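Peer 1: Got a structure for you, query_37.txt, holding compact mmCIF, C-alpha atoms and all ligand atoms.
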# COMPACT_ATOMS: atom_id res chain seq x y z
CA MET A 1 12.14 3.39 10.33
CA TRP A 2 9.65 5.83 8.78
CA ARG A 3 9.81 8.03 11.82
CA ARG A 4 13.34 8.98 10.80
CA PHE A 5 12.02 10.73 7.71
CA VAL A 6 9.32 12.57 9.52
CA ALA A 7 11.44 14.84 11.63
CA LYS A 8 8.89 16.84 13.62
CA PRO A 9 7.94 19.61 11.25
CA ALA A 10 8.98 23.09 12.29
CA GLY A 11 8.64 25.22 9.19
CA CYS A 12 6.65 24.93 6.02
CA PHE A 13 9.29 23.29 3.91
CA SER A 14 10.58 19.87 3.04
CA GLN A 15 11.72 17.80 5.99
CA ARG A 16 14.34 15.54 4.51
CA SER A 17 16.79 14.01 6.91
CA LEU A 18 20.48 13.80 6.21
CA MET A 19 20.19 10.03 6.23
CA HIS A 20 17.62 10.23 3.49
CA SER A 21 19.72 12.40 1.18
CA THR A 22 22.76 10.25 1.79
CA GLN A 23 20.81 7.19 0.72
CA ARG A 24 19.55 8.95 -2.33
CA TYR A 25 23.05 10.02 -3.27
CA TYR A 26 24.29 6.48 -2.84
CA ARG A 27 21.49 5.02 -4.89
CA ARG A 28 22.15 7.39 -7.74
CA PHE A 29 25.88 7.36 -7.89
CA SER A 30 26.86 3.99 -6.49
CA PRO A 31 29.86 2.82 -8.55
CA ARG A 32 28.80 -0.82 -8.07
CA GLN A 33 26.00 -0.35 -10.55
CA SER A 34 28.11 0.98 -13.38
CA LEU A 35 30.99 -1.50 -13.00
CA ALA A 36 28.81 -4.60 -12.81
CA THR A 37 27.75 -4.65 -16.48
CA PRO A 38 30.21 -3.91 -19.29
CA VAL A 39 27.35 -2.95 -21.65
CA SER A 40 24.82 -0.72 -19.99
CA LEU A 41 21.26 -1.92 -19.58
CA GLY A 42 20.13 1.35 -21.14
CA PHE A 43 22.03 0.52 -24.31
CA LEU A 44 20.59 -3.01 -24.46
CA GLY A 45 17.13 -1.59 -23.89
CA TRP A 46 17.58 0.85 -26.75
CA LEU A 47 18.80 -1.99 -28.99
CA PHE A 48 15.81 -4.23 -28.24
CA GLY A 49 13.16 -1.54 -27.92
CA SER A 50 12.56 -2.09 -24.19
CA THR A 51 12.95 0.32 -21.30
CA ASP A 52 15.56 0.41 -18.54
CA TYR A 53 13.28 1.31 -15.62
CA SER A 54 16.14 2.03 -13.24
CA ALA A 55 17.49 4.65 -15.67
CA VAL A 56 14.02 6.19 -15.95
CA ARG A 57 13.69 6.18 -12.16
CA LYS A 58 16.95 8.08 -11.85
CA ASP A 59 15.91 10.63 -14.48
CA ILE A 60 12.60 11.19 -12.69
CA ALA A 61 14.36 11.59 -9.33
CA ASP A 62 16.62 14.19 -10.95
CA ILE A 63 13.73 16.46 -11.94
CA MET A 64 11.93 16.19 -8.57
CA ASP A 65 13.60 19.01 -6.63
CA ASP A 66 13.00 22.54 -7.88
CA TYR A 67 13.29 25.63 -5.73
CA ASP A 68 10.94 27.52 -8.03
CA TRP A 69 8.09 25.03 -7.50
CA ASP A 70 5.76 24.58 -4.51
CA ASP A 71 7.69 23.71 -1.35
CA GLY A 72 10.70 22.86 -3.55
CA SER A 73 9.34 19.62 -5.00
CA TRP A 74 7.31 18.33 -7.94
CA GLY A 75 6.57 15.19 -5.91
CA PRO A 76 3.02 16.05 -4.76
CA VAL A 77 1.70 17.16 -8.14
CA LEU A 78 3.19 14.05 -9.79
CA VAL A 79 1.34 11.89 -7.26
CA ARG A 80 -1.83 13.81 -8.06
CA LEU A 81 -1.31 13.24 -11.80
CA ALA A 82 -1.21 9.45 -11.32
CA TRP A 83 -4.20 9.57 -8.96
CA HIS A 84 -6.31 11.54 -11.45
CA ALA A 85 -5.27 9.30 -14.34
CA SER A 86 -6.24 6.21 -12.31
CA GLY A 87 -9.20 7.45 -10.27
CA THR A 88 -11.52 7.52 -13.27
CA TYR A 89 -11.86 3.73 -13.19
CA CYS A 90 -15.24 2.03 -13.03
CA ALA A 91 -15.10 -1.58 -11.87
CA ALA A 92 -18.60 -2.38 -13.21
CA ASP A 93 -17.87 -1.71 -16.88
CA LYS A 94 -14.06 -1.68 -16.67
CA THR A 95 -13.75 1.75 -18.30
CA GLY A 96 -11.34 4.49 -17.22
CA GLY A 97 -8.11 4.06 -15.28
CA SER A 98 -4.48 4.85 -15.93
CA ASN A 99 -4.20 2.71 -19.06
CA GLY A 100 -4.31 4.89 -22.17
CA ALA A 101 -3.05 8.14 -20.59
CA THR A 102 -6.13 9.77 -22.06
CA MET A 103 -5.66 12.96 -19.99
CA ARG A 104 -3.48 14.15 -22.88
CA PHE A 105 -6.69 14.65 -24.87
CA LYS A 106 -9.78 16.82 -24.64
CA PRO A 107 -12.21 16.81 -22.93
CA GLU A 108 -10.35 15.07 -20.08
CA SER A 109 -7.40 17.48 -20.27
CA ALA A 110 -9.85 20.36 -19.80
CA ASP A 111 -11.88 18.70 -17.02
CA ASP A 112 -11.99 21.13 -14.08
CA ALA A 113 -10.76 18.40 -11.75
CA ASN A 114 -7.51 18.22 -13.74
CA ALA A 115 -6.67 21.94 -13.57
CA GLY A 116 -2.92 22.38 -13.11
CA LEU A 117 -1.99 18.84 -14.12
CA SER A 118 -0.84 19.98 -17.58
CA LEU A 119 2.18 21.40 -15.74
CA ALA A 120 2.98 17.99 -14.26
CA ARG A 121 2.58 16.33 -17.65
CA ALA A 122 4.84 18.92 -19.26
CA ARG A 123 7.47 18.38 -16.57
CA LEU A 124 7.75 14.73 -17.64
CA GLU A 125 8.03 15.49 -21.35
CA ALA A 126 11.86 15.49 -21.41
CA ILE A 127 11.86 12.05 -19.81
CA LYS A 128 9.42 10.71 -22.38
CA GLU A 129 11.71 12.06 -25.14
CA LYS A 130 14.71 10.35 -23.60
CA HIS A 131 12.86 7.04 -23.14
CA PRO A 132 10.49 6.92 -26.12
CA ASN A 133 9.60 3.24 -25.67
CA LEU A 134 8.01 3.95 -22.31
CA SER A 135 4.32 4.81 -22.66
CA TYR A 136 2.96 8.00 -21.08
CA ALA A 137 0.61 5.81 -19.07
CA ASP A 138 3.55 3.90 -17.55
CA LEU A 139 5.63 7.06 -17.14
CA TRP A 140 2.94 8.87 -15.11
CA VAL A 141 2.56 5.94 -12.74
CA LEU A 142 6.29 5.32 -12.41
CA ALA A 143 6.81 9.05 -11.74
CA SER A 144 4.35 8.87 -8.85
CA TYR A 145 6.14 5.85 -7.36
CA VAL A 146 9.50 7.62 -7.59
CA ALA A 147 7.94 10.76 -6.08
CA ILE A 148 6.55 8.75 -3.15
CA GLU A 149 9.92 7.13 -2.55
CA GLU A 150 11.80 10.42 -2.84
CA MET A 151 9.44 11.92 -0.27
CA GLY A 152 10.40 9.25 2.26
CA GLY A 153 7.46 6.97 1.47
CA PRO A 154 7.37 3.25 0.71
CA GLU A 155 8.99 1.59 -2.28
CA ILE A 156 6.24 0.37 -4.58
CA GLU A 157 7.06 -2.38 -7.04
CA PHE A 158 6.42 -1.10 -10.56
CA LYS A 159 4.72 -3.22 -13.19
CA GLY A 160 4.89 -1.73 -16.68
CA GLY A 161 2.86 -2.59 -19.76
CA ARG A 162 0.27 0.19 -19.98
CA SER A 163 -0.24 1.52 -23.49
CA ASP A 164 -1.21 4.93 -24.83
CA ALA A 165 -4.51 5.68 -26.54
CA LYS A 166 -4.03 7.00 -30.07
CA ASP A 167 -6.70 9.67 -29.70
CA GLY A 168 -9.23 11.11 -27.29
CA SER A 169 -12.14 8.78 -28.08
CA ASP A 170 -11.83 7.22 -24.60
CA ALA A 171 -11.27 10.52 -22.80
CA LYS A 172 -14.91 11.63 -22.53
CA VAL A 173 -15.99 8.70 -20.37
CA ARG A 174 -13.38 9.70 -17.77
CA CYS A 175 -14.76 13.21 -17.20
CA GLY A 176 -16.69 14.04 -14.04
CA ARG A 177 -15.68 10.80 -12.30
CA LEU A 178 -13.25 12.24 -9.73
CA PRO A 179 -14.48 13.21 -6.26
CA ASP A 180 -15.87 16.66 -5.53
CA ALA A 181 -14.19 18.10 -2.43
CA ALA A 182 -17.27 20.11 -1.46
CA GLN A 183 -19.38 17.01 -0.79
CA GLY A 184 -19.82 14.51 2.04
CA ALA A 185 -19.21 10.88 3.00
CA ASP A 186 -21.90 9.40 0.69
CA HIS A 187 -20.31 10.99 -2.34
CA VAL A 188 -16.80 9.88 -1.33
CA ARG A 189 -18.07 6.31 -0.92
CA ASP A 190 -19.92 6.41 -4.28
CA VAL A 191 -16.76 7.44 -6.10
CA PHE A 192 -14.34 5.05 -4.40
CA TYR A 193 -16.72 2.07 -4.27
CA ARG A 194 -17.13 2.54 -8.05
CA MET A 195 -13.38 1.90 -8.36
CA GLY A 196 -13.60 -1.09 -6.01
CA PHE A 197 -12.17 0.32 -2.78
CA SER A 198 -13.24 -0.29 0.84
CA ASP A 199 -13.70 2.32 3.58
CA GLN A 200 -10.29 1.47 5.01
CA GLU A 201 -8.62 1.91 1.61
CA ILE A 202 -10.40 5.25 1.11
CA VAL A 203 -9.02 6.57 4.39
CA VAL A 204 -5.46 5.44 3.79
CA LEU A 205 -5.43 6.79 0.22
CA VAL A 206 -6.78 10.21 1.13
CA GLY A 207 -4.58 10.41 4.25
CA GLY A 208 -1.45 9.59 2.24
CA GLY A 209 -2.34 11.80 -0.72
CA HIS A 210 -3.13 14.77 1.47
CA ALA A 211 -0.10 14.35 3.74
CA ILE A 212 1.69 16.02 0.84
CA GLY A 213 1.10 19.01 -1.41
CA ARG A 214 -1.36 21.83 -1.19
CA CYS A 215 -4.45 23.41 -2.70
CA HIS A 216 -4.18 26.33 -5.13
CA THR A 217 -6.85 29.00 -5.57
CA ASP A 218 -6.14 29.14 -9.31
CA ARG A 219 -6.68 25.37 -9.74
CA SER A 220 -9.36 24.04 -7.39
CA GLY A 221 -10.30 27.30 -5.66
CA PHE A 222 -9.24 25.88 -2.29
CA ASP A 223 -6.14 27.16 -0.54
CA GLY A 224 -3.28 25.82 1.56
CA PRO A 225 -1.51 22.64 2.70
CA TRP A 226 -2.84 19.90 4.99
CA THR A 227 0.42 19.48 6.91
CA ARG A 228 3.57 21.40 7.76
CA ALA A 229 5.75 18.83 5.99
CA PRO A 230 4.09 18.83 2.53
CA THR A 231 6.93 16.97 0.83
CA THR A 232 7.11 14.10 3.31
CA ILE A 233 4.94 10.98 3.15
CA SER A 234 3.89 10.15 6.71
CA ASN A 235 0.78 9.78 8.86
CA GLU A 236 1.00 13.48 9.67
CA TYR A 237 -2.41 14.10 8.00
CA PHE A 238 -4.03 12.00 10.73
CA ASN A 239 -2.05 13.75 13.47
CA ARG A 240 -3.30 17.13 12.26
CA LEU A 241 -6.85 15.83 11.85
CA PHE A 242 -7.05 14.81 15.53
CA GLU A 243 -4.70 17.28 17.18
CA GLU A 244 -5.97 20.55 15.66
CA GLU A 245 -9.26 22.23 16.29
CA TRP A 246 -10.87 22.70 12.87
CA VAL A 247 -13.04 25.71 12.18
CA GLU A 248 -14.66 26.97 9.00
CA LYS A 249 -12.46 29.47 7.18
CA LYS A 250 -14.04 32.87 6.76
CA TRP A 251 -13.27 33.98 3.25
CA LYS A 252 -14.73 34.51 -0.20
CA GLY A 253 -13.55 31.12 -1.47
CA PRO A 254 -15.24 27.72 -1.32
CA ARG A 255 -16.12 26.21 2.07
CA GLN A 256 -13.01 24.78 3.70
CA PHE A 257 -11.65 24.36 7.21
CA GLU A 258 -8.56 25.81 8.90
CA ASP A 259 -6.70 24.99 12.10
CA LYS A 260 -7.90 27.39 14.78
CA ALA A 261 -4.43 27.92 16.25
CA THR A 262 -2.60 29.28 13.19
CA GLY A 263 -5.04 29.31 10.26
CA LYS A 264 -2.17 28.03 8.10
CA LEU A 265 -3.35 24.44 7.60
CA MET A 266 -6.48 23.30 5.80
CA MET A 267 -8.97 20.48 5.41
CA LEU A 268 -11.46 20.05 2.60
CA PRO A 269 -15.08 19.17 3.44
CA THR A 270 -14.30 15.64 2.16
CA ASP A 271 -11.29 15.47 4.54
CA MET A 272 -13.52 16.30 7.50
CA VAL A 273 -15.54 13.14 6.91
CA ASN A 274 -12.44 11.17 7.97
CA LEU A 275 -13.10 12.70 11.38
CA THR A 276 -16.89 12.79 11.49
CA ASP A 277 -18.02 9.60 9.76
CA PRO A 278 -17.80 6.84 12.41
CA GLU A 279 -16.43 4.18 10.06
CA PHE A 280 -13.85 6.47 8.43
CA ARG A 281 -12.89 7.85 11.85
CA LYS A 282 -12.11 4.36 13.12
CA TYR A 283 -9.50 3.91 10.39
CA SER A 284 -8.15 7.46 10.79
CA GLN A 285 -7.51 6.66 14.44
CA MET A 286 -5.84 3.40 13.55
CA TYR A 287 -3.47 5.12 11.11
CA GLN A 288 -2.69 7.92 13.52
CA LYS A 289 -1.60 5.37 16.10
CA ASP A 290 0.35 3.08 13.79
CA GLU A 291 2.54 4.75 11.20
CA GLY A 292 4.08 1.46 10.07
CA LYS A 293 0.65 0.08 9.20
CA PHE A 294 -0.22 3.35 7.47
CA ILE A 295 2.86 3.13 5.22
CA GLU A 296 2.25 -0.52 4.41
CA ASP A 297 -1.45 -0.06 3.61
CA PHE A 298 -0.84 3.15 1.66
CA ALA A 299 1.68 1.36 -0.57
CA ALA A 300 -0.77 -1.49 -1.26
CA ALA A 301 -3.76 0.79 -1.89
CA PHE A 302 -1.81 3.18 -4.13
CA LYS A 303 -0.47 0.26 -6.17
CA LYS A 304 -4.01 -1.09 -6.53
CA LEU A 305 -5.27 2.37 -7.59
CA THR A 306 -2.61 2.77 -10.27
CA GLU A 307 -3.16 -0.76 -11.61
CA LEU A 308 -6.97 -0.54 -11.92
CA GLY A 309 -7.99 -1.84 -15.32
CA CYS A 310 -4.44 -2.77 -16.29
ZN1 LIG A 401 -6.45 15.09 -3.57
N1 LIG A 401 -6.94 17.05 -3.87
N2 LIG A 401 -8.41 14.60 -3.37
N3 LIG A 401 -5.96 13.14 -3.40
N4 LIG A 401 -4.52 15.58 -3.85
C1 LIG A 401 -6.07 18.09 -4.04
C2 LIG A 401 -4.69 18.02 -4.01
C3 LIG A 401 -3.98 16.84 -3.93
C4 LIG A 401 -9.49 15.46 -3.43
C5 LIG A 401 -9.44 16.82 -3.85
O1 LIG A 401 -10.59 17.41 -4.26
C6 LIG A 401 -8.23 17.56 -3.93
C7 LIG A 401 -6.80 12.08 -3.18
C8 LIG A 401 -8.14 12.19 -2.87
C9 LIG A 401 -8.87 13.38 -2.99
C10 LIG A 401 -3.47 14.70 -3.85
C11 LIG A 401 -3.54 13.30 -3.82
C12 LIG A 401 -4.71 12.60 -3.62
C13 LIG A 401 -6.79 19.30 -4.21
C14 LIG A 401 -6.17 20.66 -4.46
C15 LIG A 401 -8.14 18.98 -4.13
C16 LIG A 401 -9.28 19.98 -4.24
C17 LIG A 401 -5.81 20.80 -5.93
C18 LIG A 401 -5.14 22.11 -6.22
O2 LIG A 401 -5.76 23.15 -5.96
O3 LIG A 401 -3.99 22.10 -6.69
C19 LIG A 401 -10.69 14.75 -3.03
C20 LIG A 401 -12.08 15.32 -2.93
C21 LIG A 401 -10.29 13.46 -2.74
C22 LIG A 401 -11.10 12.29 -2.25
C23 LIG A 401 -12.18 12.40 -1.53
C24 LIG A 401 -6.07 10.85 -3.26
C25 LIG A 401 -6.68 9.46 -3.08
C26 LIG A 401 -4.77 11.16 -3.54
C27 LIG A 401 -3.59 10.28 -3.76
C28 LIG A 401 -3.41 9.13 -3.14
C29 LIG A 401 -2.23 15.43 -3.89
C30 LIG A 401 -0.84 14.83 -3.84
C31 LIG A 401 -2.56 16.78 -3.92
C32 LIG A 401 -1.62 17.97 -3.93
C33 LIG A 401 -1.29 18.41 -5.32
C34 LIG A 401 -0.32 19.56 -5.36
O4 LIG A 401 -0.20 20.15 -6.43
O5 LIG A 401 0.32 19.88 -4.37
Show me, as structure tokens, the structure contained in the file I just sent.
Peer 2:
Amino acid sequence: MWRRFVAKPAGCFSQRSLMHSTQRYYRRFSPRQSLATPVSLGFLGWLFGSTDYSAVRKDIADIMDDYDWDDGSWGPVLVRLAWHASGTYCAADKTGGSNGATMRFKPESADDANAGLSLARARLEAIKEKHPNLSYADLWVLASYVAIEEMGGPEIEFKGGRSDAKDGSDAKVRCGRLPDAAQGADHVRDVFYRMGFSDQEIVVLVGGGHAIGRCHTDRSGFDGPWTRAPTTISNEYFNRLFEEEWVEKKWKGPRQFEDKATGKLMMLPTDMVNLTDPEFRKYSQMYQKDEGKFIEDFAAAFKKLTELGC
């Protein structure tokens, strides 16, 4: 069924099918929901200090589309926020991870790797105000799940319960732990093995994360999107990886690759290892051939990532 959402990309913008928007409309405005309970769950939640996750989900979905933002959607940068909050985890000493939402504090907020993510955090502020019992740590992760779903990706079951750190005392340990795009396969393995991931999980996570969104010269220094459908979750990253000829981009910026045919798509040096490292390549091929497996494994790996240390 995923193929339906991945209408063959023609332009550079969101590829949402009519079916998809109809479903979204139905989910949001279905009268069945409101007639079923005389007292709304939101009200009960307010009364007992808990959170009505379906109301939060709807509020997040409502702020997703924005014609003034990249490709018309906040989805990709919200996924990146949850990834950077979670990807600091170290399995050996159990430090880091999404619990605590420590990216609100220095020095993590000022870590170069997190450039631009203050905008994503600010975008969620109104939702935090409306649902004060929900922790930032839960909100960031839930926002990424809603973003993935809104972009035609899998539904990921949300488990709440993360809490917020009171100050930045735990923020320092999280700095410098995210992968450096300029490096090679050894570095990628070091970073992801530290979190407890396998080669297969590395490939599916990077391939899903970089199916969407783009690089910005004013954030990472790199430039451009990986696919022509940057607001659709699909295995399109792997299609581009194998179907384009990748050449080094000639420019003043950091070393990156571009598709020879149009020069409009990009790959980071760390993306190229999914093509050149024999073990990573094996999984890239597998996910290119089987989109259903890609979606299933991406959902499981992303859930694992966002629950590390929780
Ligand atoms: Zn990314 N990523 N990433 N990534 N990423 C960028 C953008 C996005 C790496 C990386 O250095 C970069 C994962 C893994 C890795 C997303 C999701 C996920 C950018 C561009 C860089 C440089 C930032 C910018 O300029 O705005 C490296 C080296 C990775 C591993 C080796 C994983 C895993 C992800 C999620 C599952 C997303 C969604 C974006 C796009 C953000 C946006 O604003 O559009």
Peer 1: At a cut-off of 6 Å, can you tabulate as CSV every residue of chain A near ligand LIG 401 (chain A) together with its closest atom pair and the distance in Å to one decimal, using only C-alpha atoms and all ligand atoms and ordering rows by chain then number?
Peer 2:
residue,atom,partner,partner_atom,distance
A:Pro76,CA,A:LIG401,C30,4.2
A:Val77,CA,A:LIG401,O4,3.9
A:Val79,CA,A:LIG401,C30,5.0
A:Arg80,CA,A:LIG401,C30,4.5
A:Trp83,CA,A:LIG401,C27,5.3
A:Pro179,CA,A:LIG401,C20,4.6
A:Asp180,CA,A:LIG401,C20,4.8
A:Ala181,CA,A:LIG401,C20,3.5
A:Val188,CA,A:LIG401,C23,5.3
A:Leu205,CA,A:LIG401,C25,4.4
A:Val206,CA,A:LIG401,C25,4.3
A:Gly208,CA,A:LIG401,C28,5.7
A:Gly209,CA,A:LIG401,C27,3.6
A:His210,CA,A:LIG401,C10,5.3
A:Ile212,CA,A:LIG401,C30,5.5
A:Gly213,CA,A:LIG401,O5,3.2
A:Arg214,CA,A:LIG401,O5,4.1
A:Cys215,CA,A:LIG401,O2,3.5
A:His216,CA,A:LIG401,O2,3.6
A:Thr217,CA,A:LIG401,O2,6.0
A:Arg219,CA,A:LIG401,O2,4.5
A:Ser220,CA,A:LIG401,O2,4.0
A:Phe222,CA,A:LIG401,O2,5.7
A:Thr270,CA,A:LIG401,C23,5.3
Peer 1: Given all atoms listed in the file as the basis, pick out the residue of A:Ala147, A:Ala185, A:Ala113, A:Ala101 nearest to Thr231 of chain A.
Peer 2: A:Ala147
Peer 1: Atom CA of Val191 of chain A and atom CA of Ala299 of chain A, how far apart in Å?
Peer 2: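 Taking atom CA of Ala299 of chain A as the start and atom CA of Val191 of chain A as the end point, the length is 20.2 Å.
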Peer 1: With distances taken over only C-alpha atoms, which residue among A:Ile127, A:Ala82, A:Met286, A:Ala137 lies nearest Leu305 of chain A?
Peer 2: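 Closest to Leu305 of chain A, using only C-alpha atoms: A:Ala82.
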Peer 1: If I take atom CA of Asn274 of chain A and atom CA of Glu243 of chain A, how far is one from the other in Å, to one decimal?
Peer 2: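 For atom CA of Asn274 of chain A relative to atom CA of Glu243 of chain A, the distance reads 13.5 Å.
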Peer 1: Which distance in Å separates atom CA of Asp70 of chain A and atom CA of Asp138 of chain A, to one decimal?
Peer 2: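 Pair atom CA of Asp70 of chain A / atom CA of Asp138 of chain A returns 24.5 Å.
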Peer 1: Find the residues with any atom within 9 Å of (-16.5, 7.4, -18.9); use all atoms listed in the file and the coordinates as given in the file, and write the answer as an mmCIF file with C-alpha atoms, in the frame of the given file.
Peer 2:
data_model
loop_
_atom_site.group_PDB
_atom_site.id
_atom_site.type_symbol
_atom_site.label_atom_id
_atom_site.label_comp_id
_atom_site.auth_asym_id
_atom_site.auth_seq_id
_atom_site.Cartn_x
_atom_site.Cartn_y
_atom_site.Cartn_z
ATOM 1 C CA THR A 88 -11.520 7.520 -13.270
ATOM 2 C CA TYR A 89 -11.860 3.730 -13.190
ATOM 3 C CA CYS A 90 -15.240 2.030 -13.030
ATOM 4 C CA THR A 95 -13.750 1.750 -18.300
ATOM 5 C CA GLY A 96 -11.340 4.490 -17.220
ATOM 6 C CA ASP A 170 -11.830 7.220 -24.600
ATOM 7 C CA ALA A 171 -11.270 10.520 -22.800
ATOM 8 C CA LYS A 172 -14.910 11.630 -22.530
ATOM 9 C CA VAL A 173 -15.990 8.700 -20.370
ATOM 10 C CA ARG A 174 -13.380 9.700 -17.770
ATOM 11 C CA CYS A 175 -14.760 13.210 -17.200
ATOM 12 C CA GLY A 176 -16.690 14.040 -14.040
ATOM 13 C CA ARG A 177 -15.680 10.800 -12.300
#
